[in-house]
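run20.cif follows (mmCIF, C-alpha atoms):
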data_coords
loop_
_atom_site.label_atom_id
_atom_site.label_comp_id
_atom_site.auth_asym_id
_atom_site.auth_seq_id
_atom_site.Cartn_x
_atom_site.Cartn_y
_atom_site.Cartn_z
CA MET E 1 -31.80 -16.79 -4.18
CA GLY E 2 -30.48 -19.14 -1.49
CA GLN E 3 -27.45 -18.43 0.67
CA GLN E 4 -25.19 -20.97 -1.04
CA THR E 5 -26.08 -19.71 -4.53
CA ARG E 6 -25.56 -16.10 -3.43
CA GLN E 7 -22.18 -16.87 -1.91
CA GLU E 8 -21.05 -18.71 -5.03
CA ARG E 9 -22.06 -15.67 -7.06
CA ILE E 10 -20.23 -13.34 -4.67
CA VAL E 11 -17.02 -15.30 -5.23
CA SER E 12 -17.52 -15.13 -8.99
CA LEU E 13 -18.19 -11.38 -8.96
CA VAL E 14 -15.23 -10.59 -6.72
CA GLN E 15 -12.95 -12.69 -8.95
CA GLU E 16 -14.18 -10.79 -12.01
CA GLN E 17 -13.92 -7.31 -10.48
CA GLY E 18 -10.97 -7.77 -8.13
CA TYR E 19 -12.67 -5.79 -5.35
CA LEU E 20 -16.29 -4.96 -4.47
CA THR E 21 -17.76 -3.02 -1.57
CA ILE E 22 -20.41 -4.35 0.79
CA ASP E 23 -22.84 -1.72 -0.45
CA GLU E 24 -22.28 -2.73 -4.09
CA LEU E 25 -22.92 -6.38 -3.29
CA ALA E 26 -25.97 -5.58 -1.15
CA ALA E 27 -27.47 -3.53 -3.99
CA TYR E 28 -26.70 -6.25 -6.54
CA PHE E 29 -28.36 -9.02 -4.51
CA LYS E 30 -31.06 -6.77 -3.02
CA VAL E 31 -30.23 -7.85 0.53
CA THR E 32 -29.05 -5.96 3.62
CA PRO E 33 -25.39 -5.03 4.19
CA GLN E 34 -25.49 -7.23 7.31
CA THR E 35 -26.35 -10.26 5.15
CA ILE E 36 -23.42 -9.52 2.82
CA ARG E 37 -21.07 -9.11 5.79
CA ARG E 38 -22.04 -12.56 7.05
CA ASP E 39 -21.49 -13.99 3.57
CA ILE E 40 -18.10 -12.34 3.26
CA ASN E 41 -17.05 -13.55 6.71
CA ALA E 42 -17.98 -17.13 5.81
CA LEU E 43 -16.23 -16.98 2.43
CA ALA E 44 -13.11 -15.42 3.95
CA GLU E 45 -12.93 -18.13 6.61
CA SER E 46 -12.94 -20.74 3.84
CA ASN E 47 -10.22 -18.76 1.97
CA GLN E 48 -12.37 -18.18 -1.10
CA ILE E 49 -12.08 -14.38 -0.95
CA ARG E 50 -10.24 -11.85 1.21
CA ARG E 51 -12.23 -9.73 3.66
CA HIS E 52 -11.53 -6.00 4.02
CA HIS E 53 -13.15 -3.23 5.99
CA GLY E 54 -16.07 -2.27 3.77
CA GLY E 55 -15.68 -4.93 1.11
CA ALA E 56 -13.92 -8.01 -0.26
CA SER E 57 -11.21 -8.78 -2.81
CA TYR E 58 -9.91 -11.77 -4.71
CA ASP E 59 -6.34 -12.55 -3.76
CA SER E 60 -4.08 -13.68 -6.60
CA SER E 61 -0.32 -14.19 -6.27
CA THR E 62 0.31 -13.28 -9.91
CA SER E 63 -1.88 -10.24 -10.63
CA ASN E 64 -2.78 -7.19 -8.57
CA VAL E 65 -6.19 -5.64 -8.05
CA SER E 66 -6.81 -2.87 -10.60
CA TYR E 67 -5.52 0.64 -9.89
CA ALA E 68 -9.04 2.11 -9.57
CA GLN E 69 -10.05 -0.60 -7.10
CA ARG E 70 -6.88 -0.15 -5.06
CA GLN E 71 -7.63 3.56 -4.74
CA VAL E 72 -10.77 2.84 -2.70
CA LEU E 73 -9.48 -0.24 -0.88
CA ASN E 74 -8.90 0.62 2.82
CA HIS E 75 -9.09 4.29 1.89
CA ASP E 76 -9.57 5.61 5.43
CA ALA E 77 -6.64 3.58 6.75
CA LYS E 78 -4.39 4.89 3.98
CA GLN E 79 -5.40 8.44 4.87
CA GLU E 80 -4.43 7.95 8.51
CA ILE E 81 -1.12 6.33 7.56
CA ALA E 82 -0.36 9.14 5.11
CA GLN E 83 -1.06 11.85 7.65
CA ARG E 84 1.19 10.20 10.23
CA ILE E 85 4.06 9.76 7.78
CA ALA E 86 3.73 13.37 6.64
CA SER E 87 3.92 14.53 10.26
CA GLU E 88 7.30 12.77 10.57
CA ILE E 89 8.85 14.43 7.50
CA PRO E 90 10.58 17.77 8.21
CA ASP E 91 10.45 20.70 5.83
CA HIS E 92 13.33 20.90 3.31
CA ALA E 93 13.90 17.12 3.38
CA SER E 94 14.76 14.97 0.36
CA LEU E 95 12.57 11.96 -0.44
CA PHE E 96 12.12 8.96 -2.67
CA ILE E 97 8.47 7.97 -3.21
CA ASN E 98 7.65 4.77 -5.12
CA ILE E 99 4.62 3.35 -6.93
CA GLY E 100 1.32 2.73 -5.15
CA THR E 101 -1.99 4.21 -4.09
CA THR E 102 -0.80 4.48 -0.47
CA THR E 103 2.29 6.47 -1.45
CA GLU E 104 0.09 8.71 -3.61
CA THR E 105 -2.00 9.42 -0.52
CA VAL E 106 1.24 10.29 1.32
CA ALA E 107 2.10 12.72 -1.49
CA LYS E 108 -1.20 14.56 -0.95
CA ALA E 109 -0.50 14.75 2.79
CA LEU E 110 2.90 16.35 2.10
CA LEU E 111 1.42 19.39 0.33
CA GLN E 112 1.44 21.41 3.57
CA HIS E 113 5.25 21.12 3.77
CA SER E 114 7.86 23.55 2.49
CA GLY E 115 10.98 23.11 0.39
CA LEU E 116 10.82 19.37 -0.20
CA GLN E 117 12.89 17.68 -2.90
CA ILE E 118 11.17 14.54 -4.21
CA ILE E 119 12.50 11.90 -6.59
CA THR E 120 9.79 9.53 -7.79
CA ASN E 121 9.04 6.85 -10.36
CA ASN E 122 5.30 7.52 -9.95
CA LEU E 123 3.74 9.97 -12.42
CA ASN E 124 0.71 10.41 -10.17
CA VAL E 125 2.93 11.43 -7.26
CA ALA E 126 4.83 13.84 -9.52
CA THR E 127 1.57 15.42 -10.67
CA ILE E 128 0.30 15.84 -7.11
CA LEU E 129 3.51 17.39 -5.76
CA SER E 130 4.41 19.57 -8.75
CA SER E 131 1.56 21.92 -7.79
CA LYS E 132 3.78 23.30 -4.99
CA GLU E 133 6.12 25.99 -6.36
CA ASP E 134 8.66 25.55 -3.55
CA PHE E 135 8.98 21.78 -4.14
CA THR E 136 11.58 20.30 -6.45
CA VAL E 137 10.08 17.25 -8.14
CA ILE E 138 12.38 14.98 -10.14
CA VAL E 139 10.85 12.19 -12.22
CA ALA E 140 12.91 9.09 -12.96
CA GLY E 141 13.32 8.03 -16.57
CA GLY E 142 12.15 4.67 -17.89
CA LYS E 143 9.14 2.88 -19.30
CA ILE E 144 5.73 4.14 -18.16
CA ARG E 145 3.20 1.52 -17.06
CA SER E 146 -0.09 2.81 -18.42
CA ARG E 147 -2.39 1.26 -15.83
CA ASP E 148 -1.02 3.23 -12.87
CA GLY E 149 1.59 5.74 -14.03
CA GLY E 150 4.52 3.74 -12.66
CA ILE E 151 7.95 4.16 -14.28
CA MET E 152 10.25 1.14 -14.37
CA GLY E 153 13.24 -0.41 -16.08
CA GLU E 154 17.03 -0.30 -16.03
CA ALA E 155 17.07 3.45 -16.76
CA THR E 156 14.89 4.03 -13.68
CA ILE E 157 17.24 2.05 -11.45
CA ASP E 158 20.34 3.80 -12.82
CA PHE E 159 18.69 7.18 -12.23
CA ILE E 160 17.75 6.42 -8.62
CA ARG E 161 21.29 5.26 -7.86
CA GLN E 162 22.56 8.78 -8.54
CA PHE E 163 20.88 10.07 -5.36
CA ARG E 164 21.22 9.65 -1.62
CA VAL E 165 18.14 11.02 0.13
CA ASP E 166 16.89 11.54 3.68
CA TYR E 167 13.75 9.39 3.45
CA GLY E 168 12.54 6.57 1.24
CA ILE E 169 8.76 6.18 1.41
CA ILE E 170 7.67 2.85 -0.03
CA GLY E 171 4.43 0.95 -0.40
CA ILE E 172 4.12 -2.78 -0.90
CA SER E 173 1.56 -5.24 -2.26
CA GLY E 174 1.91 -7.90 0.42
CA ILE E 175 3.79 -8.93 3.57
CA ASP E 176 4.28 -12.54 4.58
CA PRO E 177 2.76 -12.76 8.08
CA ASN E 178 5.29 -15.35 9.24
CA ASP E 179 8.75 -14.30 8.04
CA GLY E 180 8.16 -10.65 7.09
CA SER E 181 8.98 -11.00 3.38
CA LEU E 182 7.95 -7.92 1.39
CA LEU E 183 6.08 -9.09 -1.71
CA ASP E 184 5.05 -7.54 -5.01
CA TYR E 185 3.73 -8.58 -8.43
CA ASP E 186 6.19 -7.03 -10.87
CA TYR E 187 9.89 -7.94 -10.95
CA GLN E 188 10.88 -4.59 -12.47
CA GLU E 189 8.91 -2.66 -9.86
CA VAL E 190 10.62 -4.66 -7.12
CA ARG E 191 14.09 -3.82 -8.46
CA VAL E 192 13.26 -0.11 -8.39
CA ALA E 193 12.00 -0.36 -4.80
CA GLN E 194 15.19 -2.21 -3.82
CA SER E 195 17.24 0.68 -5.23
CA ILE E 196 15.18 3.15 -3.22
CA ILE E 197 15.88 1.16 -0.04
CA GLN E 198 19.61 1.05 -0.80
CA ASN E 199 19.86 4.80 -1.43
CA SER E 200 17.78 6.21 1.45
CA ARG E 201 19.08 7.07 4.90
CA THR E 202 15.73 6.21 6.52
CA ILE E 203 13.03 3.89 5.15
CA PHE E 204 9.34 4.37 5.96
CA LEU E 205 7.10 1.46 4.95
CA ALA E 206 3.43 2.36 4.47
CA ALA E 207 1.23 -0.75 4.68
CA ASP E 208 -2.40 -0.98 5.76
CA ASN E 209 -3.58 -4.15 7.54
CA ALA E 210 -4.84 -5.74 4.30
CA LYS E 211 -1.24 -6.20 3.16
CA PHE E 212 -0.43 -8.76 5.88
CA GLY E 213 -0.89 -12.23 4.47
CA ARG E 214 -1.65 -10.96 0.97
CA ASN E 215 -0.01 -13.14 -1.67
CA ALA E 216 2.31 -11.82 -4.37
CA VAL E 217 4.85 -13.74 -6.39
CA VAL E 218 8.00 -11.54 -6.27
CA ARG E 219 10.07 -11.05 -3.12
CA LEU E 220 11.32 -7.48 -2.66
CA GLY E 221 13.14 -7.98 0.61
CA ASN E 222 12.26 -8.23 4.26
CA ILE E 223 10.48 -6.00 6.71
CA THR E 224 13.68 -5.95 8.79
CA GLN E 225 15.21 -3.67 6.12
CA VAL E 226 12.92 -0.74 6.99
CA ASP E 227 13.32 1.71 9.84
CA ARG E 228 9.65 2.37 10.62
CA LEU E 229 6.45 0.54 9.75
CA PHE E 230 3.30 2.64 9.49
CA THR E 231 0.08 0.62 9.58
CA ASP E 232 -3.45 0.92 10.95
CA GLN E 233 -3.72 -2.23 13.12
CA GLN E 234 -1.43 -4.40 15.17
CA PRO E 235 0.36 -6.75 12.75
CA PRO E 236 0.53 -10.53 13.27
CA ILE E 237 2.46 -11.69 16.34
CA ALA E 238 5.35 -13.06 14.26
CA ILE E 239 5.78 -9.64 12.64
CA GLN E 240 5.66 -7.88 16.00
CA LYS E 241 8.47 -10.12 17.25
CA LEU E 242 10.56 -9.41 14.14
CA LEU E 243 10.12 -5.68 14.58
CA ALA E 244 11.09 -5.84 18.26
CA LYS E 245 14.12 -8.04 17.55
CA HIS E 246 15.46 -5.64 14.91
CA ASP E 247 14.53 -2.40 16.72
CA ILE E 248 12.11 -1.31 14.02
CA GLU E 249 9.58 1.28 15.13
CA LEU E 250 5.93 0.31 14.76
CA GLU E 251 3.49 3.16 14.22
CA ILE E 252 -0.21 2.29 14.56
CA CYS E 253 -2.00 5.07 12.71
CA THR E 254 -5.55 5.77 13.83
CA LYS E 255 -7.42 8.97 14.57
CA ASN E 256 -7.01 8.36 18.31
CA THR E 257 -3.23 8.03 18.12
CA MET E 258 -2.34 10.92 15.83
CA PRO E 259 0.35 13.12 17.35
CA GLN E 260 -0.58 16.67 18.34
CA VAL E 261 0.68 19.23 15.85
#

Would you give me this structure, written as structure tokens?
Amino acid sequence: MGQQTRQERIVSLVQEQGYLTIDELAAYFKVTPQTIRRDINALAESNQIRRHHGGASYDSSTSNVSYAQRQVLNHDAKQEIAQRIASEIPDHASLFINIGTTTETVAKALLQHSGLQIITNNLNVATILSSKEDFTVIVAGGKIRSRDGGIMGEATIDFIRQFRVDYGIIGISGIDPNDGSLLDYDYQEVRVAQSIIQNSRTIFLAADNAKFGRNAVVRLGNITQVDRLFTDQQPPIAIQKLLAKHDIELEICTKNTMPQV
């Protein structure tokens, strides 16, 4: 198979699956991982797919990558972000945690804490944290989204508005690299996240580097509404300037920069 034919097929496969790893593509085409990396780099430069560490995804502004695919996408970066966020949460704090695979990773990192009170619209987060007997886990009411355990709707928003918590931990589907707009795919999910922002004393945004420049159709708000951004690489220059202008703390989360505990 020639390079052009292989690259056309890579685009087709990534569109069908949403996300594929380099190893999966190398096995499919029976070529080396280095060959697939070169293909992915070329296709990403021509904006046909989106390159990630370890794989590639198809970027749509109207539909998200599947939940299972998002779980493995930038997994190591999410782990580092989660550990850093957990290190900043004191014992006996109150938290909102919203929908997303990154926030679920944060939930796992919080299991070493004591006496937390968590309000969430994420059934997966509730399941993870309810294993701790000294945690109080409160699940918002509303309609359950079967594909990822998210809970949404007017009842969810009304429920969240009853609380005022120490920390709101939110994930996001995309961030505009120029003006800092926070973007997501589901209008109802966005409204719940907005309520979490409005009813938290401190907002932590967890966003790996793949979220910068990723398209999504619904605007949640702006990055200037958060207090601290936790990510794994330096964001685009325009975002760095926004953060500096609005005194928002930027936390680059890698193994070499983890705080000593």

Quick one: of E:Thr103, E:Thr202, E:Ser87, E:Thr5, who's nearest to Ile170 of chain E, counting all atoms listed in the file?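 Under the stated criterion, the closest residue is E:Thr103.
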
Determine the nearest neighbour of Ile157 of chain E from the options E:Ala126, E:Ile10, E:Leu183, E:Val192, counting only C-alpha atoms.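 Residue with the minimum atom-to-atom distance to Ile157 of chain E: E:Val192.
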
Best match for closeness to Ser173 of chain E among E:Ile223, E:Ala216, E:Val137, E:Val190, counting only C-alpha atoms: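 The closest residue to Ser173 of chain E is E:Ala216.
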
Identify which of the residues E:Val11, E:Leu25, E:Ile97, E:Leu111 lies closest to Leu43 of chain E, counting only C-alpha atoms when measuring atom-to-atom distances.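 With only C-alpha atoms as the atom set, the closest residue is E:Val11.
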
One number please: atom CA of Arg147 of chain E to atom CA of Ile81 of chain E, in Å, one decimal.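 If I compute the distance from atom CA of Arg147 of chain E to atom CA of Ile81 of chain E, I get 24.0 Å.
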
Name the residues that the PyMOL selection byres ((chain E and resi 95) around 12) picks from the file above, as JSON, numbers by chain, using the file's chain letters and numbers. {"E": [86, 89, 90, 91, 92, 93, 94, 96, 97, 98, 103, 106, 107, 110, 115, 116, 117, 118, 119, 120, 121, 125, 129, 135, 136, 137, 138, 139, 160, 163, 164, 165, 166, 167, 168, 169, 170, 196, 197, 199, 200, 201, 202, 203, 204]}

Using the chain letters and residue numbers of this document, give as a PyMOL selection string the residues selected by the PyMOL selection byres ((chain E and resi 27-41) around 12). chain E and resi 1-11+13-14+20-26+42-58

To one decimal place, how far is atom CA of Ile252 of chain E from atom CA of Ser130 of chain E in Å?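 Separating atom CA of Ile252 of chain E from atom CA of Ser130 of chain E is a distance of 29.4 Å.
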
Give me, please, the distance in Å between atom CA of Gly142 of chain E and atom CA of Tyr187 of chain E, quoted to one decimal.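 Distance reported for this atom pair: 14.6 Å.
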
Restricting the calculation to all atoms listed in the file: of E:Ala207, E:Leu242, E:Cys253, E:Ile99, which residue gets closest to Asp148 of chain E? E:Ile99

Please evaluate the PyMOL selection byres ((chain E and resi 206) around 6) against the displayed coordinates and give the resulting residues as a list of chain:residue names.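 What the PyMOL selection byres ((chain E and resi 206) around 6) grabs from the file is E:Gly171, E:Leu205, E:Ala207, E:Phe230.
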
Of the candidates E:Leu229, E:Val218, E:Ile237, E:Ile144, which one gets nearest to Glu251 of chain E if we count only C-alpha atoms?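 Of E:Leu229, E:Val218, E:Ile237, E:Ile144, the one nearest Glu251 of chain E is E:Leu229, counting only C-alpha atoms.
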